[in-house]
file my_file20.cif (mmCIF, C-alpha atoms)
data_data
#
loop_
_atom_site.group_PDB
_atom_site.id
_atom_site.type_symbol
_atom_site.label_atom_id
_atom_site.label_comp_id
_atom_site.auth_asym_id
_atom_site.auth_seq_id
_atom_site.Cartn_x
_atom_site.Cartn_y
_atom_site.Cartn_z
ATOM 1 C CA MET A 1 -269.232 -19.697 -67.169
ATOM 2 C CA SER A 2 -266.808 -16.755 -67.129
ATOM 3 C CA ALA A 3 -265.378 -15.607 -63.827
ATOM 4 C CA PRO A 4 -266.974 -12.395 -62.532
ATOM 5 C CA SER A 5 -265.229 -9.152 -63.314
ATOM 6 C CA PRO A 6 -263.459 -7.558 -60.336
ATOM 7 C CA TYR A 7 -264.491 -4.243 -61.887
ATOM 8 C CA ALA A 8 -268.172 -5.109 -62.361
ATOM 9 C CA ASP A 9 -269.464 -2.854 -59.593
ATOM 10 C CA ARG A 10 -267.748 0.231 -60.995
ATOM 11 C CA LEU A 11 -268.763 -0.622 -64.534
ATOM 12 C CA SER A 12 -272.401 -1.105 -63.510
ATOM 13 C CA ARG A 13 -272.557 2.542 -62.451
ATOM 14 C CA LEU A 14 -271.808 3.761 -65.969
ATOM 15 C CA PRO A 15 -274.613 4.434 -68.407
ATOM 16 C CA VAL A 16 -273.948 2.496 -71.620
ATOM 17 C CA GLU A 17 -275.765 2.433 -74.938
ATOM 18 C CA ARG A 18 -275.128 0.590 -78.199
ATOM 19 C CA PHE A 19 -275.210 2.351 -81.595
ATOM 20 C CA GLU A 20 -274.409 1.598 -85.217
ATOM 21 C CA VAL A 21 -273.017 3.749 -88.015
ATOM 22 C CA ASP A 22 -272.202 3.107 -91.669
ATOM 23 C CA VAL A 23 -268.482 3.620 -92.322
ATOM 24 C CA ARG A 24 -266.661 2.730 -95.532
ATOM 25 C CA GLY A 25 -269.252 0.319 -96.833
ATOM 26 C CA SER A 26 -270.073 -1.616 -93.675
ATOM 27 C CA VAL A 27 -271.799 -1.200 -90.323
ATOM 28 C CA THR A 28 -269.633 -0.368 -87.324
ATOM 29 C CA ALA A 29 -271.109 -1.208 -83.924
ATOM 30 C CA TYR A 30 -270.026 1.025 -81.071
ATOM 31 C CA TRP A 31 -270.855 1.605 -77.430
ATOM 32 C CA GLU A 32 -271.092 4.884 -75.575
ATOM 33 C CA TYR A 33 -270.094 4.820 -71.901
ATOM 34 C CA GLY A 34 -270.511 7.578 -69.365
ATOM 35 C CA PRO A 35 -272.518 10.804 -69.390
ATOM 36 C CA ALA A 36 -273.653 11.881 -72.849
ATOM 37 C CA ASP A 37 -273.234 15.533 -71.862
ATOM 38 C CA SER A 38 -269.640 15.179 -70.680
ATOM 39 C CA GLU A 39 -267.268 17.908 -71.807
ATOM 40 C CA MET A 40 -264.654 15.244 -72.548
ATOM 41 C CA THR A 41 -265.090 12.581 -75.248
ATOM 42 C CA ILE A 42 -262.645 9.736 -75.874
ATOM 43 C CA VAL A 43 -262.698 7.296 -78.799
ATOM 44 C CA ALA A 44 -261.142 4.046 -77.535
ATOM 45 C CA VAL A 45 -259.790 1.481 -80.034
ATOM 46 C CA HIS A 46 -259.240 -2.090 -78.845
ATOM 47 C CA GLY A 47 -256.444 -4.506 -79.710
ATOM 48 C CA PHE A 48 -255.996 -7.458 -82.061
ATOM 49 C CA ARG A 49 -258.599 -10.261 -81.873
ATOM 50 C CA GLY A 50 -260.546 -8.513 -79.137
ATOM 51 C CA ASP A 51 -263.543 -6.202 -79.176
ATOM 52 C CA HIS A 52 -264.809 -3.225 -77.193
ATOM 53 C CA HIS A 53 -265.139 -5.293 -73.993
ATOM 54 C CA GLY A 54 -261.365 -5.328 -73.605
ATOM 55 C CA LEU A 55 -261.178 -1.682 -72.550
ATOM 56 C CA GLU A 56 -264.217 -1.682 -70.258
ATOM 57 C CA SER A 57 -262.127 -2.169 -67.119
ATOM 58 C CA VAL A 58 -260.187 1.030 -67.819
ATOM 59 C CA LEU A 59 -263.389 2.925 -68.637
ATOM 60 C CA ALA A 60 -264.824 1.870 -65.280
ATOM 61 C CA PHE A 61 -262.267 4.157 -63.632
ATOM 62 C CA LEU A 62 -263.076 7.125 -65.909
ATOM 63 C CA PRO A 63 -266.742 7.692 -65.032
ATOM 64 C CA GLU A 64 -266.738 11.426 -65.827
ATOM 65 C CA ALA A 65 -265.736 10.956 -69.457
ATOM 66 C CA ARG A 66 -267.914 10.054 -72.408
ATOM 67 C CA VAL A 67 -266.110 7.144 -74.022
ATOM 68 C CA ILE A 68 -266.995 5.765 -77.440
ATOM 69 C CA ALA A 69 -265.719 2.227 -77.932
ATOM 70 C CA PRO A 70 -266.218 0.675 -81.388
ATOM 71 C CA ASP A 71 -265.573 -2.866 -82.516
ATOM 72 C CA LEU A 72 -262.974 -2.791 -85.288
ATOM 73 C CA PRO A 73 -264.398 -3.863 -88.666
ATOM 74 C CA GLY A 74 -264.345 -7.647 -88.841
ATOM 75 C CA PHE A 75 -264.313 -8.096 -85.062
ATOM 76 C CA GLY A 76 -267.008 -8.334 -82.434
ATOM 77 C CA GLN A 77 -270.264 -7.004 -83.854
ATOM 78 C CA SER A 78 -268.771 -4.856 -86.640
ATOM 79 C CA ALA A 79 -269.040 -6.420 -90.077
ATOM 80 C CA PRO A 80 -266.240 -6.095 -92.625
ATOM 81 C CA ALA A 81 -266.967 -4.530 -95.995
ATOM 82 C CA HIS A 82 -266.934 -6.971 -98.891
ATOM 83 C CA GLY A 83 -263.966 -6.641 -101.202
ATOM 84 C CA ARG A 84 -261.759 -4.664 -98.814
ATOM 85 C CA THR A 85 -258.348 -5.786 -97.584
ATOM 86 C CA TYR A 86 -258.060 -4.844 -93.934
ATOM 87 C CA ASP A 87 -254.467 -3.681 -93.882
ATOM 88 C CA LEU A 88 -253.233 -0.791 -91.748
ATOM 89 C CA ASP A 89 -254.179 1.819 -94.351
ATOM 90 C CA GLU A 90 -257.758 0.561 -94.334
ATOM 91 C CA TYR A 91 -258.022 0.556 -90.555
ATOM 92 C CA ALA A 92 -256.526 4.051 -90.304
ATOM 93 C CA ASP A 93 -258.966 5.358 -92.933
ATOM 94 C CA TRP A 94 -261.830 3.631 -91.145
ATOM 95 C CA LEU A 95 -260.918 5.258 -87.817
ATOM 96 C CA THR A 96 -260.596 8.693 -89.406
ATOM 97 C CA GLU A 97 -264.061 8.420 -90.975
ATOM 98 C CA PHE A 98 -265.607 6.825 -87.879
ATOM 99 C CA ALA A 99 -264.347 9.593 -85.597
ATOM 100 C CA ALA A 100 -265.503 12.277 -88.035
ATOM 101 C CA ALA A 101 -268.984 10.745 -88.141
ATOM 102 C CA VAL A 102 -269.458 10.021 -84.444
ATOM 103 C CA ALA A 103 -267.152 12.220 -82.378
ATOM 104 C CA PRO A 104 -265.189 14.835 -84.346
ATOM 105 C CA GLY A 105 -262.383 16.348 -82.298
ATOM 106 C CA ALA A 106 -262.421 13.605 -79.656
ATOM 107 C CA ILE A 107 -259.382 12.449 -77.721
ATOM 108 C CA ILE A 108 -258.083 9.236 -79.318
ATOM 109 C CA LEU A 109 -257.001 6.178 -77.315
ATOM 110 C CA GLY A 110 -255.597 2.908 -78.640
ATOM 111 C CA HIS A 111 -254.506 -0.326 -76.975
ATOM 112 C CA SER A 112 -251.936 -2.734 -78.474
ATOM 113 C CA PHE A 113 -252.838 -3.140 -82.180
ATOM 114 C CA GLY A 114 -255.160 -0.215 -81.576
ATOM 115 C CA SER A 115 -252.071 1.853 -80.732
ATOM 116 C CA ILE A 116 -250.754 1.272 -84.258
ATOM 117 C CA VAL A 117 -254.111 2.079 -85.862
ATOM 118 C CA THR A 118 -254.580 5.265 -83.853
ATOM 119 C CA ALA A 119 -250.994 6.440 -84.316
ATOM 120 C CA ALA A 120 -251.207 5.883 -88.073
ATOM 121 C CA ALA A 121 -254.517 7.739 -88.303
ATOM 122 C CA VAL A 122 -253.337 10.731 -86.250
ATOM 123 C CA ALA A 123 -250.054 10.920 -88.175
ATOM 124 C CA ARG A 124 -252.064 10.999 -91.408
ATOM 125 C CA GLY A 125 -254.370 13.796 -90.350
ATOM 126 C CA LEU A 126 -257.011 12.560 -87.890
ATOM 127 C CA GLN A 127 -257.757 15.654 -85.799
ATOM 128 C CA THR A 128 -257.488 15.162 -82.050
ATOM 129 C CA PRO A 129 -256.289 17.320 -79.156
ATOM 130 C CA ARG A 130 -254.480 14.412 -77.464
ATOM 131 C CA LEU A 131 -253.450 10.822 -78.098
ATOM 132 C CA ILE A 132 -253.274 8.009 -75.518
ATOM 133 C CA LEU A 133 -251.514 4.703 -76.220
ATOM 134 C CA ILE A 134 -251.820 1.760 -73.809
ATOM 135 C CA ASN A 135 -249.340 -1.109 -74.254
ATOM 136 C CA PRO A 136 -248.111 0.568 -77.452
ATOM 137 C CA ILE A 137 -246.447 -1.658 -80.024
ATOM 138 C CA GLY A 138 -243.224 0.281 -80.002
ATOM 139 C CA ALA A 139 -240.817 -1.860 -82.005
ATOM 140 C CA PRO A 140 -240.935 -4.298 -84.943
ATOM 141 C CA ALA A 141 -242.526 -7.533 -83.773
ATOM 142 C CA LEU A 142 -240.298 -9.694 -85.969
ATOM 143 C CA GLU A 143 -237.132 -8.346 -84.358
ATOM 144 C CA GLY A 144 -235.655 -8.670 -80.888
ATOM 145 C CA PRO A 145 -235.879 -11.450 -78.269
ATOM 146 C CA LYS A 146 -239.525 -12.295 -79.029
ATOM 147 C CA GLY A 147 -239.013 -12.572 -82.787
ATOM 148 C CA VAL A 148 -239.082 -16.385 -82.720
ATOM 149 C CA MET A 149 -242.445 -16.403 -80.950
ATOM 150 C CA THR A 150 -243.812 -13.916 -83.476
ATOM 151 C CA ARG A 151 -242.673 -16.134 -86.344
ATOM 152 C CA LEU A 152 -244.496 -19.069 -84.749
ATOM 153 C CA ALA A 153 -247.611 -16.912 -84.604
ATOM 154 C CA VAL A 154 -247.117 -16.023 -88.282
ATOM 155 C CA LEU A 155 -247.034 -19.751 -89.061
ATOM 156 C CA TYR A 156 -250.177 -20.341 -87.011
ATOM 157 C CA TYR A 157 -252.177 -17.643 -88.814
ATOM 158 C CA ALA A 158 -250.791 -18.735 -92.193
ATOM 159 C CA MET A 159 -251.951 -22.305 -91.542
ATOM 160 C CA GLY A 160 -255.373 -21.040 -90.525
ATOM 161 C CA ALA A 161 -255.604 -19.163 -93.829
ATOM 162 C CA ARG A 162 -254.370 -22.023 -96.048
ATOM 163 C CA LEU A 163 -256.238 -25.015 -94.646
ATOM 164 C CA PRO A 164 -259.729 -25.797 -95.970
ATOM 165 C CA GLU A 165 -262.031 -23.115 -94.620
ATOM 166 C CA LYS A 166 -263.771 -25.179 -91.950
ATOM 167 C CA MET A 167 -260.521 -26.653 -90.654
ATOM 168 C CA GLY A 168 -258.668 -23.348 -90.808
ATOM 169 C CA THR A 169 -261.360 -21.450 -88.930
ATOM 170 C CA ALA A 170 -261.534 -24.213 -86.303
ATOM 171 C CA LEU A 171 -257.776 -23.939 -85.787
ATOM 172 C CA LEU A 172 -257.945 -20.172 -85.371
ATOM 173 C CA ARG A 173 -260.809 -20.483 -82.870
ATOM 174 C CA ASN A 174 -259.304 -23.438 -81.003
ATOM 175 C CA ARG A 175 -259.992 -22.900 -77.293
ATOM 176 C CA VAL A 176 -256.792 -24.612 -76.191
ATOM 177 C CA ILE A 177 -254.640 -22.305 -78.314
ATOM 178 C CA VAL A 178 -256.582 -19.254 -77.117
ATOM 179 C CA ARG A 179 -256.009 -20.363 -73.522
ATOM 180 C CA VAL A 180 -252.278 -20.830 -74.123
ATOM 181 C CA MET A 181 -252.124 -17.259 -75.486
ATOM 182 C CA SER A 182 -253.993 -15.993 -72.430
ATOM 183 C CA ILE A 183 -251.758 -17.831 -69.965
ATOM 184 C CA ALA A 184 -248.638 -16.508 -71.683
ATOM 185 C CA MET A 185 -249.801 -12.888 -71.469
ATOM 186 C CA ALA A 186 -251.190 -12.839 -67.913
ATOM 187 C CA LYS A 187 -248.630 -11.904 -65.256
ATOM 188 C CA THR A 188 -250.836 -11.564 -62.190
ATOM 189 C CA ARG A 189 -250.671 -14.218 -59.456
ATOM 190 C CA ASP A 190 -254.224 -13.438 -58.341
ATOM 191 C CA ALA A 191 -256.149 -16.616 -59.184
ATOM 192 C CA ALA A 192 -259.524 -14.883 -59.459
ATOM 193 C CA LEU A 193 -258.121 -12.204 -61.759
ATOM 194 C CA ARG A 194 -256.475 -14.847 -63.933
ATOM 195 C CA ARG A 195 -259.814 -16.661 -64.257
ATOM 196 C CA PHE A 196 -261.455 -13.397 -65.290
ATOM 197 C CA ILE A 197 -258.756 -12.743 -67.908
ATOM 198 C CA HIS A 198 -259.032 -16.243 -69.347
ATOM 199 C CA GLY A 199 -262.814 -15.927 -69.418
ATOM 200 C CA GLN A 200 -262.571 -12.663 -71.330
ATOM 201 C CA HIS A 201 -260.300 -14.220 -73.933
ATOM 202 C CA ASP A 202 -262.528 -17.299 -74.178
ATOM 203 C CA ALA A 203 -265.573 -15.117 -74.730
ATOM 204 C CA TYR A 204 -264.239 -12.490 -77.133
ATOM 205 C CA PHE A 205 -261.005 -13.633 -78.790
ATOM 206 C CA SER A 206 -262.791 -15.696 -81.431
ATOM 207 C CA LEU A 207 -265.507 -13.245 -82.482
ATOM 208 C CA PHE A 208 -263.776 -12.353 -85.733
ATOM 209 C CA ALA A 209 -265.898 -12.346 -88.893
ATOM 210 C CA ASP A 210 -263.769 -14.735 -90.928
ATOM 211 C CA ARG A 211 -260.225 -15.989 -91.251
ATOM 212 C CA ASP A 212 -259.328 -13.582 -94.061
ATOM 213 C CA VAL A 213 -260.058 -10.540 -91.898
ATOM 214 C CA LEU A 214 -258.114 -12.103 -89.038
ATOM 215 C CA LYS A 215 -255.119 -12.849 -91.263
ATOM 216 C CA ASP A 216 -255.103 -9.323 -92.716
ATOM 217 C CA ALA A 217 -255.261 -7.749 -89.258
ATOM 218 C CA PHE A 218 -252.503 -9.999 -87.951
ATOM 219 C CA VAL A 219 -250.220 -9.151 -90.860
ATOM 220 C CA ALA A 220 -250.879 -5.455 -90.207
ATOM 221 C CA SER A 221 -250.117 -5.903 -86.508
ATOM 222 C CA VAL A 222 -246.698 -7.501 -87.066
ATOM 223 C CA SER A 223 -245.701 -5.459 -90.118
ATOM 224 C CA HIS A 224 -246.004 -2.050 -88.459
ATOM 225 C CA ASP A 225 -245.372 -0.355 -85.136
ATOM 226 C CA VAL A 226 -245.910 3.039 -83.545
ATOM 227 C CA SER A 227 -242.315 4.149 -84.108
ATOM 228 C CA GLU A 228 -243.084 4.540 -87.832
ATOM 229 C CA PHE A 229 -245.509 7.359 -87.076
ATOM 230 C CA ALA A 230 -244.197 8.996 -83.904
ATOM 231 C CA ALA A 231 -242.253 11.801 -85.581
ATOM 232 C CA GLU A 232 -245.344 12.876 -87.546
ATOM 233 C CA ILE A 233 -247.557 13.178 -84.450
ATOM 234 C CA GLU A 234 -247.588 16.724 -83.098
ATOM 235 C CA VAL A 235 -250.318 16.489 -80.448
ATOM 236 C CA PRO A 236 -249.485 15.734 -76.790
ATOM 237 C CA THR A 237 -249.243 11.963 -76.422
ATOM 238 C CA LEU A 238 -249.338 9.662 -73.399
ATOM 239 C CA LEU A 239 -247.697 6.236 -73.526
ATOM 240 C CA ILE A 240 -248.716 3.772 -70.797
ATOM 241 C CA ALA A 241 -246.304 0.855 -70.903
ATOM 242 C CA ALA A 242 -245.723 -2.314 -68.889
ATOM 243 C CA GLN A 243 -242.350 -3.202 -67.462
ATOM 244 C CA ARG A 244 -242.938 -6.919 -68.151
ATOM 245 C CA ASP A 245 -244.471 -6.665 -71.614
ATOM 246 C CA ASP A 246 -243.416 -9.646 -73.750
ATOM 247 C CA ILE A 247 -244.420 -7.933 -77.002
ATOM 248 C CA THR A 248 -242.578 -4.623 -76.676
ATOM 249 C CA PRO A 249 -239.764 -4.565 -74.082
ATOM 250 C CA ILE A 250 -239.813 -1.571 -71.772
ATOM 251 C CA GLU A 251 -236.429 -0.481 -73.143
ATOM 252 C CA ALA A 252 -238.037 -0.071 -76.556
ATOM 253 C CA GLU A 253 -240.877 1.966 -75.031
ATOM 254 C CA ARG A 254 -238.308 4.287 -73.410
ATOM 255 C CA GLU A 255 -236.781 4.809 -76.824
ATOM 256 C CA LEU A 256 -240.182 5.235 -78.481
ATOM 257 C CA VAL A 257 -241.236 8.158 -76.301
ATOM 258 C CA THR A 258 -238.191 10.144 -77.475
ATOM 259 C CA LEU A 259 -239.393 9.969 -81.087
ATOM 260 C CA PHE A 260 -242.490 12.093 -80.443
ATOM 261 C CA ASP A 261 -242.573 15.864 -80.534
ATOM 262 C CA ASP A 262 -244.494 16.044 -77.238
ATOM 263 C CA ALA A 263 -244.931 12.808 -75.282
ATOM 264 C CA GLU A 264 -244.635 11.319 -71.825
ATOM 265 C CA LEU A 265 -244.195 7.725 -70.711
ATOM 266 C CA VAL A 266 -245.830 6.161 -67.671
ATOM 267 C CA GLU A 267 -244.411 2.767 -66.700
ATOM 268 C CA ILE A 268 -246.449 0.236 -64.734
ATOM 269 C CA ALA A 269 -244.537 -2.438 -62.822
ATOM 270 C CA HIS A 270 -245.411 -6.123 -62.345
ATOM 271 C CA VAL A 271 -247.652 -6.311 -65.415
ATOM 272 C CA GLY A 272 -247.251 -7.347 -69.037
ATOM 273 C CA HIS A 273 -249.355 -6.819 -72.142
ATOM 274 C CA LEU A 274 -252.639 -6.881 -70.220
ATOM 275 C CA ILE A 275 -252.567 -3.503 -68.471
ATOM 276 C CA HIS A 276 -256.241 -3.102 -69.411
ATOM 277 C CA TYR A 277 -257.176 -6.194 -67.370
ATOM 278 C CA GLU A 278 -254.567 -6.346 -64.613
ATOM 279 C CA THR A 279 -253.928 -2.698 -63.723
ATOM 280 C CA PRO A 280 -256.801 -0.637 -65.175
ATOM 281 C CA ALA A 281 -256.927 1.691 -62.166
ATOM 282 C CA GLU A 282 -253.271 2.618 -62.643
ATOM 283 C CA ALA A 283 -253.847 3.188 -66.362
ATOM 284 C CA ALA A 284 -256.896 5.343 -65.662
ATOM 285 C CA GLY A 285 -254.924 7.299 -63.073
ATOM 286 C CA ALA A 286 -252.271 8.098 -65.674
ATOM 287 C CA ILE A 287 -254.998 9.146 -68.121
ATOM 288 C CA ARG A 288 -256.618 11.367 -65.479
ATOM 289 C CA ARG A 289 -253.357 13.176 -64.825
ATOM 290 C CA PHE A 290 -252.684 13.553 -68.542
ATOM 291 C CA LEU A 291 -256.161 14.927 -69.235
ATOM 292 C CA ARG A 292 -256.295 16.828 -65.934
ATOM 293 C CA ILE A 293 -259.490 15.127 -64.782
ATOM 294 C CA PRO A 294 -260.085 15.932 -61.095
ATOM 295 C CA VAL A 295 -260.774 13.062 -58.725
ATOM 296 C CA ALA A 296 -264.446 13.223 -57.776
ATOM 297 C CA ARG A 297 -265.448 12.605 -54.168
ATOM 298 C CA GLY A 298 -266.910 9.190 -53.492
ATOM 299 C CA ARG A 299 -265.171 7.541 -56.436
#
call {"tool": "encode", "arguments": {"input": "my_file20.cif", "output": "C-alpha cells"}}
result
Amino acid sequence: MSAPSPYADRLSRLPVERFEVDVRGSVTAYWEYGPADSEMTIVAVHGFRGDHHGLESVLAFLPEARVIAPDLPGFGQSAPAHGRTYDLDEYADWLTEFAAAVAPGAIILGHSFGSIVTAAAVARGLQTPRLILINPIGAPALEGPKGVMTRLAVLYYAMGARLPEKMGTALLRNRVIVRVMSIAMAKTRDAALRRFIHGQHDAYFSLFADRDVLKDAFVASVSHDVSEFAAEIEVPTLLIAAQRDDITPIEAERELVTLFDDAELVEIAHVGHLIHYETPAEAAGAIRRFLRIPVARGR
C-alpha cells in the first residue's frame, strides 16, 4: 500500500474530472483540476516515465487556477498511435494540437522531460502568454559530471529494447530498479515523505504502453535540452530549479536563464529533481508570483 500523500487534504478540495480527446491518431486522457470557470488556465505536462499524478502536489497549492493535466501519449492512460515514433518532434506536435483542441491560449507548464517538450512546442509556434518550467533539463544529459550515470541509463533502456519482449519489459518495469531510481532522486530526510515518493514511483513509473514508446521517449529526453530552444522563446518564462538537482546542475540553470529573451529563475534549496514532490508549496508560490495570483484568505 502506498504511503498517504502529505498533500491529500489540499488536493481533496479541488474539483477534478477526467476527459478524453483524439489527438494525432490516438486518444489522450487528461484531467481538469480546479474551477471550470477560472479566468486562468494552465496546461501541465509531466516528466519522463510518469503521468499526470506527478504534478498533483503542485496543483494542490494552486486552487484558483483551472489546470489541465494530460498523460503523454504512451504513458498512463493515453494510448500511443500505431506507426508513430515518439521522438521530440512528435511530442511537440502532439502538445501543440492537444492545447489547440482543449485549451487554446493557455499558460503552458512542463516538468523535467515535460520542460523539453513544452519549450520545443512554444519555440515552434505553440501560442501561450507565459511558459513555466519546473526542474528544467537545462544542459545536455550526456555531458558533465552526471554523464556516466546517463550512459548507464542508456545501456539499461537499450537492453530493455533488445531483449525478448517479455524479458525486456520485465526489466524496464523491475520494482527494484524503479526503487533505486527513486532513492537516488529523493533528497528529503523526512521518512514519511520519502515513503510517499517511493509509493508514487512504484505506482506510476511503470505505466508505459510498451517498451518501444519508453525507449523513444528516453532517447528524446537525453538527446535534447531546453537550451536548444530558449533563444526562440519570446514569451515571459519562469524557471524553477533545484540547487541539488543531479540531472541539471544549478550552475547550468543559471546559464540557461540568460539564453531567454524574457525569463526569471527561482532557485529552491535542499531539494533535487523532485521539486514537485518535496517542495510543491515553494514551486506553487513561485508560480503565483509569476502569474500574479493573489493569496486567498483561508488557504
call {"tool": "closest_residue", "arguments": {"input": "my_file20.cif", "among": "A:Ser5, A:Ser57, A:Thr237, A:Ser78", "to": "A:Thr128", "atoms": "all atoms listed in the file"}}
result
A:Thr237
call {"tool": "closest_residue", "arguments": {"input": "my_file20.cif", "among": "A:Ala121, A:Ala242, A:Leu214, A:Val16", "to": "A:Ala161", "atoms": "all atoms listed in the file"}}
result
A:Leu214
call {"tool": "resolve_selection", "arguments": {"input": "my_file20.cif", "expression": "the PyMOL selection byres ((chain A and resi 224-236) around 8)", "output": "list in words"}}
result
Ser115, Ile116, Ala119, Ala120, Val122, Ala123, Arg124, Thr128, Pro129, Arg130, Leu131, Pro136, Ile137, Gly138, Ala139, Pro140, Ala141, Ala220, Ser221, Val222, Ser223, Thr237, Leu238, Leu256, Leu259, Phe260, Asp261, Asp262 and Ala263 of chain A
call {"tool": "residues_near_point", "arguments": {"input": "my_file20.cif", "point": "(-257.3, -10.5, -62.6)", "cutoff": "12 Å", "atoms": "all atoms listed in the file", "output": "PyMOL selection string"}}
result
chain A and resi 3-7+57+182-183+185-200+271+274-280
call {"tool": "write_last_selection", "arguments": {"input": "my_file20.cif", "atoms": "C-alpha atoms", "output": "tab-separated table (two decimals), in the frame of the given file"}}
result
chain	number	residue	atom	x	y	z
A	3	ALA	CA	-265.38	-15.61	-63.83
A	4	PRO	CA	-266.97	-12.40	-62.53
A	5	SER	CA	-265.23	-9.15	-63.31
A	6	PRO	CA	-263.46	-7.56	-60.34
A	7	TYR	CA	-264.49	-4.24	-61.89
A	57	SER	CA	-262.13	-2.17	-67.12
A	182	SER	CA	-253.99	-15.99	-72.43
A	183	ILE	CA	-251.76	-17.83	-69.96
A	185	MET	CA	-249.80	-12.89	-71.47
A	186	ALA	CA	-251.19	-12.84	-67.91
A	187	LYS	CA	-248.63	-11.90	-65.26
A	188	THR	CA	-250.84	-11.56	-62.19
A	189	ARG	CA	-250.67	-14.22	-59.46
A	190	ASP	CA	-254.22	-13.44	-58.34
A	191	ALA	CA	-256.15	-16.62	-59.18
A	192	ALA	CA	-259.52	-14.88	-59.46
A	193	LEU	CA	-258.12	-12.20	-61.76
A	194	ARG	CA	-256.48	-14.85	-63.93
A	195	ARG	CA	-259.81	-16.66	-64.26
A	196	PHE	CA	-261.46	-13.40	-65.29
A	197	ILE	CA	-258.76	-12.74	-67.91
A	198	HIS	CA	-259.03	-16.24	-69.35
A	199	GLY	CA	-262.81	-15.93	-69.42
A	200	GLN	CA	-262.57	-12.66	-71.33
A	271	VAL	CA	-247.65	-6.31	-65.42
A	274	LEU	CA	-252.64	-6.88	-70.22
A	275	ILE	CA	-252.57	-3.50	-68.47
A	276	HIS	CA	-256.24	-3.10	-69.41
A	277	TYR	CA	-257.18	-6.19	-67.37
A	278	GLU	CA	-254.57	-6.35	-64.61
A	279	THR	CA	-253.93	-2.70	-63.72
A	280	PRO	CA	-256.80	-0.64	-65.18
call {"tool": "residues_near_point", "arguments": {"input": "my_file20.cif", "point": "(-243.1, 7.8, -72.7)", "cutoff": "9 Å", "atoms": "only C-alpha atoms", "output": "short mmCIF file (atom, residue, chain, number, x, y, z; two decimals) with C-alpha atoms, in the frame of the given file"}}
result
data_model
loop_
_atom_site.label_atom_id
_atom_site.label_comp_id
_atom_site.auth_asym_id
_atom_site.auth_seq_id
_atom_site.Cartn_x
_atom_site.Cartn_y
_atom_site.Cartn_z
CA THR A 237 -249.24 11.96 -76.42
CA LEU A 238 -249.34 9.66 -73.40
CA LEU A 239 -247.70 6.24 -73.53
CA ILE A 240 -248.72 3.77 -70.80
CA ALA A 241 -246.30 0.86 -70.90
CA GLU A 253 -240.88 1.97 -75.03
CA ARG A 254 -238.31 4.29 -73.41
CA GLU A 255 -236.78 4.81 -76.82
CA LEU A 256 -240.18 5.24 -78.48
CA VAL A 257 -241.24 8.16 -76.30
CA THR A 258 -238.19 10.14 -77.47
CA PHE A 260 -242.49 12.09 -80.44
CA ALA A 263 -244.93 12.81 -75.28
CA GLU A 264 -244.64 11.32 -71.82
CA LEU A 265 -244.20 7.72 -70.71
CA VAL A 266 -245.83 6.16 -67.67
CA GLU A 267 -244.41 2.77 -66.70
#
call {"tool": "axis_aligned_box", "arguments": {"input": "my_file20.cif", "around": "stretch 242-260 of chain A", "padding_each_side": "5 Å", "output": "JSON"}}
result
{"center_x": -241.1, "center_y": 1.2, "center_z": -74.3, "size_x": 19.3, "size_y": 31.7, "size_z": 23.6}
call {"tool": "resolve_selection", "arguments": {"input": "my_file20.cif", "expression": "the PyMOL selection byres ((chain A and resi 93-95) around 10)", "output": "MDAnalysis selection string"}}
result
chainID A and resid 23:25 28 43 45 70 72:73 86 88:92 96:101 108 117:118 120:122 124:126
call {"tool": "closest_residue", "arguments": {"input": "my_file20.cif", "among": "A:Gly272, A:Ala283, A:Val21, A:Arg211", "to": "A:Met167", "atoms": "all atoms listed in the file"}}
result
A:Arg211
call {"tool": "residues_around", "arguments": {"input": "my_file20.cif", "residues": "A:His52", "least_positions_apart": "2", "cutoff": "7 Å", "atoms": "all atoms listed in the file", "output": "mmCIF file with C-alpha atoms, keeping the file's coordinate frame"}}
result
data_model
loop_
_atom_site.group_PDB
_atom_site.id
_atom_site.type_symbol
_atom_site.label_atom_id
_atom_site.label_comp_id
_atom_site.auth_asym_id
_atom_site.auth_seq_id
_atom_site.Cartn_x
_atom_site.Cartn_y
_atom_site.Cartn_z
ATOM 1 C CA HIS A 46 -259.240 -2.090 -78.845
ATOM 2 C CA GLY A 54 -261.365 -5.328 -73.605
ATOM 3 C CA LEU A 55 -261.178 -1.682 -72.550
ATOM 4 C CA ALA A 69 -265.719 2.227 -77.932
ATOM 5 C CA PRO A 70 -266.218 0.675 -81.388
ATOM 6 C CA ASP A 71 -265.573 -2.866 -82.516
#
call {"tool": "closest_residue", "arguments": {"input": "my_file20.cif", "among": "A:Glu251, A:Pro63, A:Ile42, A:Ala29", "to": "A:Gly285", "atoms": "only C-alpha atoms"}}
result
A:Pro63
call {"tool": "atom_distance", "arguments": {"input": "my_file20.cif", "atom1": "atom CA of A:Ala153", "atom2": "atom CA of A:Leu133"}}
result
23.5 Å
call {"tool": "closest_residue", "arguments": {"input": "my_file20.cif", "among": "A:Asp87, A:Asp202, A:Glu17, A:Glu64", "to": "A:Arg49", "atoms": "all atoms listed in the file"}}
result
A:Asp202
call {"tool": "closest_residue", "arguments": {"input": "my_file20.cif", "among": "A:Ser206, A:Thr85, A:Thr150, A:Gln243", "to": "A:Val176", "atoms": "all atoms listed in the file"}}
result
A:Ser206
call {"tool": "residues_around", "arguments": {"input": "my_file20.cif", "residues": "A:Gly74", "least_positions_apart": "2", "cutoff": "8 Å", "atoms": "only C-alpha atoms", "output": "number ranges by chain"}}
result
A: 72, 76-80, 208-210, 213-214
